[in-house]
Structures are given as structure tokens and as C-alpha cells.
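Undergrad: So here's input.txt (compact mmCIF, C-alpha atoms).
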```
# COMPACT_ATOMS: atom_id res chain seq x y z
CA MET U 1 -16.67 -0.32 -17.14
CA THR U 2 -17.12 0.37 -13.46
CA VAL U 3 -13.95 0.32 -11.43
CA ALA U 4 -13.87 -0.73 -7.78
CA LEU U 5 -13.10 2.11 -5.38
CA TYR U 6 -11.01 1.53 -2.28
CA ALA U 7 -11.43 4.49 0.11
CA ASP U 8 -12.95 2.21 2.78
CA TYR U 9 -10.19 -0.37 2.39
CA ILE U 10 -7.48 2.29 2.61
CA ALA U 11 -9.07 3.73 5.78
CA GLU U 12 -8.61 0.35 7.50
CA LEU U 13 -5.11 -0.04 6.07
CA LYS U 14 -4.16 3.47 7.23
CA SER U 15 -5.31 2.66 10.75
CA LEU U 16 -3.31 -0.59 10.85
CA PHE U 17 -0.24 1.11 9.38
CA ALA U 18 -0.39 3.85 12.04
CA GLU U 19 -0.82 1.26 14.79
CA LEU U 20 2.16 -0.74 13.53
CA ASP U 21 4.31 2.38 13.33
CA ARG U 22 3.37 3.66 16.80
CA TYR U 23 2.80 0.42 18.72
CA PRO U 24 4.77 -2.42 17.09
CA GLU U 25 4.72 -4.32 20.38
CA ARG U 26 1.02 -5.09 19.75
CA PHE U 27 2.03 -7.33 16.83
CA GLN U 28 3.43 -10.84 17.22
CA THR U 29 4.86 -10.95 13.70
CA TYR U 30 4.71 -8.65 10.69
CA THR U 31 6.21 -7.90 7.32
CA ALA U 32 5.39 -4.48 5.96
CA ARG U 33 6.71 -2.97 2.75
CA PHE U 34 5.15 0.19 1.37
CA GLU U 35 6.65 1.67 -1.80
CA LEU U 36 5.27 5.10 -2.65
CA ALA U 37 5.96 6.66 -6.05
CA ALA U 38 4.93 10.32 -6.07
CA ALA U 39 6.10 13.40 -7.95
CA GLY U 40 8.94 11.47 -9.55
CA ASN U 41 10.31 10.28 -6.20
CA LEU U 42 10.18 6.99 -4.33
CA VAL U 43 9.73 6.47 -0.58
CA VAL U 44 10.08 2.99 0.92
CA TYR U 45 8.94 2.01 4.41
CA GLU U 46 10.02 -1.53 5.21
CA THR U 47 9.94 -3.33 8.54
CA ARG U 48 9.75 -6.93 9.64
CA ARG U 49 9.48 -8.82 12.90
CA ARG U 50 10.14 -12.55 13.06
CA LYS U 51 11.20 -14.68 15.99
CA GLY U 52 11.37 -11.63 18.22
CA GLN U 53 13.82 -9.79 15.95
CA THR U 54 12.91 -6.58 14.14
CA ASP U 55 14.63 -5.29 11.01
CA SER U 56 13.70 -2.00 9.41
CA LEU U 57 14.78 0.07 6.43
CA TYR U 58 13.46 3.47 5.36
CA TYR U 59 14.78 5.18 2.26
CA GLY U 60 13.92 7.55 -0.51
CA ARG U 61 15.05 7.91 -4.08
CA SER U 62 15.02 11.23 -5.83
CA GLY U 63 13.77 11.22 -9.39
CA ALA U 64 16.35 13.85 -10.25
CA THR U 65 19.44 11.97 -9.04
CA GLY U 66 18.26 8.37 -8.94
CA ALA U 67 20.30 7.81 -5.79
CA ASN U 68 18.87 6.07 -2.75
CA GLN U 69 19.17 7.91 0.53
CA GLN U 70 18.31 6.63 3.98
CA ILE U 71 15.52 8.63 5.64
CA SER U 72 14.02 8.58 9.10
CA GLN U 73 11.12 6.34 10.05
CA ALA U 74 9.05 9.45 10.77
CA THR U 75 9.71 10.89 7.29
CA ALA U 76 8.81 7.62 5.56
CA PHE U 77 5.70 7.21 7.70
CA ALA U 78 4.57 10.78 7.01
CA ALA U 79 4.85 10.31 3.24
CA ILE U 80 2.84 7.07 3.25
CA ASP U 81 0.31 8.51 5.69
CA ARG U 82 -0.26 11.54 3.42
CA PHE U 83 -0.91 9.13 0.53
CA PHE U 84 -3.49 7.27 2.63
CA ALA U 85 -5.17 10.58 3.51
CA LEU U 86 -6.18 11.30 -0.10
CA GLY U 87 -9.86 11.02 -1.02
CA GLU U 88 -10.21 8.01 -3.35
CA PHE U 89 -8.21 5.01 -4.55
CA VAL U 90 -8.25 2.44 -7.34
CA ALA U 91 -6.27 -0.80 -7.40
CA LEU U 92 -4.25 -2.29 -10.22
CA THR U 93 -4.88 -5.96 -10.97
CA GLY U 94 -1.32 -7.04 -11.67
CA GLU U 95 -2.68 -9.50 -14.22
CA ALA U 96 -0.45 -10.68 -17.07
CA GLY U 97 -1.03 -8.59 -20.14
CA ALA U 98 -2.74 -5.78 -18.24
CA ARG U 99 -0.78 -2.63 -18.87
CA VAL U 100 -1.42 0.84 -17.66
CA GLU U 101 0.97 3.71 -18.08
CA VAL U 102 1.59 5.18 -14.65
CA ASP U 103 0.70 8.85 -14.71
CA THR U 104 3.26 10.57 -12.50
CA HIS U 105 0.69 13.25 -11.63
CA TYR U 106 -1.03 10.67 -9.42
CA PRO U 107 0.79 8.91 -6.57
CA HIS U 108 0.94 5.11 -6.56
CA CYS U 109 1.73 2.86 -3.62
CA ALA U 110 2.63 -0.83 -3.66
CA VAL U 111 1.51 -2.46 -0.41
CA ASN U 112 2.84 -5.80 0.81
CA PHE U 113 1.63 -6.20 4.38
CA SER U 114 1.13 -9.27 6.52
CA TYR U 115 0.72 -9.36 10.27
CA ARG U 116 -0.53 -11.27 13.26
CA LYS U 117 -1.42 -9.30 16.33
CA LYS U 118 -0.70 -10.76 19.73
CA GLY U 119 -3.52 -13.08 20.73
CA GLN U 120 -4.82 -13.53 17.17
CA PRO U 121 -4.85 -17.09 15.85
CA VAL U 122 -4.14 -16.28 12.19
CA THR U 123 -2.06 -14.02 10.00
CA ARG U 124 -3.73 -11.51 7.67
CA SER U 125 -2.03 -10.34 4.51
CA THR U 126 -2.58 -8.11 1.50
CA LEU U 127 -0.60 -7.47 -1.66
CA MET U 128 -1.95 -4.62 -3.81
CA VAL U 129 -0.95 -1.56 -5.83
CA PHE U 130 -3.09 1.53 -5.40
CA ALA U 131 -3.33 4.84 -7.23
CA ALA U 132 -4.62 7.78 -5.18
CA PHE U 133 -6.83 10.71 -6.19
CA ASN U 134 -8.44 13.75 -4.62
CA ASP U 135 -11.95 12.39 -5.18
CA GLU U 136 -14.05 9.86 -7.07
CA ALA U 137 -14.32 12.08 -10.16
CA ASP U 138 -10.52 12.23 -10.50
CA ALA U 139 -10.29 8.45 -10.09
CA LEU U 140 -12.91 7.75 -12.75
CA GLN U 141 -11.31 10.21 -15.17
CA TYR U 142 -7.91 8.53 -14.68
CA VAL U 143 -9.36 5.08 -15.35
CA SER U 144 -11.22 6.22 -18.47
CA GLN U 145 -8.07 7.83 -19.90
CA ALA U 146 -5.86 4.84 -19.11
CA GLY U 147 -7.53 2.79 -21.83
CA ASP U 148 -6.84 -0.70 -20.40
CA PRO U 149 -9.81 -1.99 -18.39
CA PRO U 150 -8.10 -5.28 -17.34
CA ALA U 151 -5.48 -3.22 -15.52
CA PHE U 152 -7.95 -2.12 -12.83
CA VAL U 153 -9.85 -4.08 -10.19
CA ILE U 154 -13.56 -3.99 -11.02
CA GLU U 155 -14.93 -6.47 -8.48
CA ARG U 156 -14.26 -6.74 -4.78
CA PRO U 157 -12.97 -8.59 -2.90
CA TRP U 158 -10.05 -9.00 -5.28
CA ARG U 159 -8.24 -12.33 -5.36
CA ALA U 160 -5.59 -13.12 -7.96
CA GLU U 161 -2.29 -14.94 -8.02
CA LYS U 162 -0.15 -11.80 -7.84
CA SER U 163 -2.39 -9.42 -5.90
CA TYR U 164 -5.13 -9.81 -3.34
CA GLU U 165 -7.15 -8.05 -0.68
CA TRP U 166 -6.97 -9.22 2.91
CA LYS U 167 -6.82 -12.94 3.25
```
Starting from the file, give its structure as C-alpha cells.
TA:
Amino acid sequence: MTVALYADYIAELKSLFAELDRYPERFQTYTARFELAAAGNLVVYETRRRKGQTDSLYYGRSGATGANQQISQATAFAAIDRFFALGEFVALTGEAGARVEVDTHYPHCAVNFSYRKKGQPVTRSTLMVFAAFNDEADALQYVSQAGDPPAFVIERPWRAEKSYEWK
């Protein structure tokens, strides 16, 4: 089985994420929720703009205590940005019956992002879960050891009921 690799997709997503974080005024509307699970911890970056109003929430959860703690926007952004800076990515399908045990040695990020920039006629959105690796060899080894081929996207662009690339 050949798994689809997403380094190119993540490069575009990283650029959009950085633009949203630094220049939110360039966007007419947006809903962005990034949930990063890494090293037993969780970091959530969530922001939304609708009808001119912006709501944001940034928090982390320690694997040791299990307690949520509010963190700064800069801290949440830095964690997600470091994830996006890794070398290779695979996507989980989210299909019913597809099960993969999440290996806590590899960070995973759930991305739910929709936006419309000012002057654009349509909204773009994506809903995916990615696992990140140092390089392609690490990614392929992870997939081969996971033992559940339907759990991973093998053909791009990916379109399913519960997860999809940009549409």
C-alpha cells in the first residue's frame, strides 16, 4: 500500500495559518481550530470571526494532570507552527471502521479550518487529521507498523464525509 504524503499541503496550510495569526484583518470570515496532541499533551488554538466579531480560545492540557490551562496565543501558535515545520505528514481517513492506534511518539494535529479572505467570492475549508514525522522514511515505517491500511489516505485529493482536503 502506498500512502499519500502531505508535505506540500502542510506547507500551504502553514502559510495560511501564519497569515491568519499575524494578519487576521485580511480575512472576512474564518473558523480555525487546531488540536495538537504531542508528547502526551494537548494544545488547542481556536479562533473565529463572524459578523465582524472575533472569539478566540487558546489552551493546553497536560498529560500528567489532565487539567486544561489557558495559554497565550503566541504559545499556542508556536506549538502548532513547530508541528507544521516537521518534514513529512500522513493523513488519517476518519472512515468508519478504520482504526489506528495513535503512537504518542509522533505528534498528531486535527485541523478544522475554513476561511474567506476579503475580496474572495467563496469560502475554502478543510477538515483533516495529520500525523507528523521527521522524513518520508519515518512516515512510511509508521504506516507499515500501524497495520490498518484503511486508516490512512492513499489517494489525493481526499474527499470523504468526515474529512476532506480543501474544498
Undergrad: Quick one: distance from CA of Thr31 in chain U to CA of Phe152 in chain U in Å, one decimal?
TA: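 Result for CA of Thr31 in chain U versus CA of Phe152 in chain U: 25.3 Å, one decimal.
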Undergrad: Each residue of range 61-114 of chain U with at least one atom at most 9 Å from range 15-27 of chain U should appear once, together with its nearest atom pair and the corresponding distance in Å (one decimal); atoms considered: all atoms listed in the file; ordering: chain, then increasing residue number; output as JSON lines.
TA:
```
{"residue": "U:Gln73", "atom": "CA", "partner": "U:Asp21", "partner_atom": "CA", "distance": 8.5}
{"residue": "U:Ala74", "atom": "CA", "partner": "U:Asp21", "partner_atom": "CA", "distance": 8.9}
{"residue": "U:Phe77", "atom": "CA", "partner": "U:Asp21", "partner_atom": "CA", "distance": 7.5}
{"residue": "U:Asp81", "atom": "CA", "partner": "U:Ala18", "partner_atom": "CA", "distance": 7.9}
```
Undergrad: Show me, as a PyMOL selection string, the residues that have an atom within 12 Å of His105 in chain U when counting all atoms listed in the file, minus same-chain residues fewer than 3 positions from it.
TA: chain U and resi 37-41+101-102+108+131-134+138+142
Undergrad: I'd like to know which of U:Leu127, U:Tyr58, U:Arg33, U:Pro150 is closest to Thr75 in chain U, using all atoms listed in the file.
TA: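 Smallest distance to Thr75 in chain U is found for U:Tyr58.
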Undergrad: From the set U:Ala151, U:Ala7, U:Val111, U:Leu86, which residue has the shortest atom-to-atom contact distance to Ser125 in chain U, counting all atoms listed in the file?
TA: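 Nearest candidate to Ser125 in chain U out of U:Ala151, U:Ala7, U:Val111, U:Leu86: U:Val111.
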Undergrad: Just checking: using all atoms listed in the file, which residue out of U:Ile10, U:Ile154, U:Leu42, U:Leu36 ends up closest to Trp166 in chain U?
TA: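 Counting all atoms listed in the file, the residue closest to Trp166 in chain U is U:Ile10.
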Undergrad: With distances taken over all atoms listed in the file, which residue among U:Leu5, U:Val129, U:Val44, U:Val143 lies nearest Arg156 in chain U?
TA: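 Checking each candidate against Arg156 in chain U, we get U:Leu5 as the closest.
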Undergrad: Under the rule that all atoms listed in the file are counted, which of U:Leu13, U:Leu140, U:Ala91, U:Ile71 is the nearest residue to Ser163 in chain U?
TA: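 So, comparing all the options, the nearest one is U:Ala91.
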Undergrad: What separation in Å, quoted to one decimal, exists between CA of Tyr59 in chain U and CA of Ala32 in chain U?
TA: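 CA of Ala32 in chain U lies at a distance of 14.0 Å from CA of Tyr59 in chain U.
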Undergrad: Which value, in Å to one decimal, gives the distance between CA of Thr65 in chain U and CA of Tyr45 in chain U?
TA: 19.8 Å
Undergrad: I want to know what sits within 9 Å of Phe130 in chain U, based on all atoms listed in the file, with residues of the same chain fewer than 3 positions away left out; could you give that as a list in words?
TA: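 What passes the distance filter is Tyr6, Phe89, Val90, Ala91, Leu92, Pro107, His108, Cys109, Ala110 and Val111 of chain U.
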Undergrad: For Met128 in chain U, which of U:Ser62, U:Gln145, U:Gln69, U:Thr93 is the closest residue, counting all atoms listed in the file?
TA: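 Comparing U:Ser62, U:Gln145, U:Gln69, U:Thr93 against Met128 in chain U, the winner is U:Thr93.
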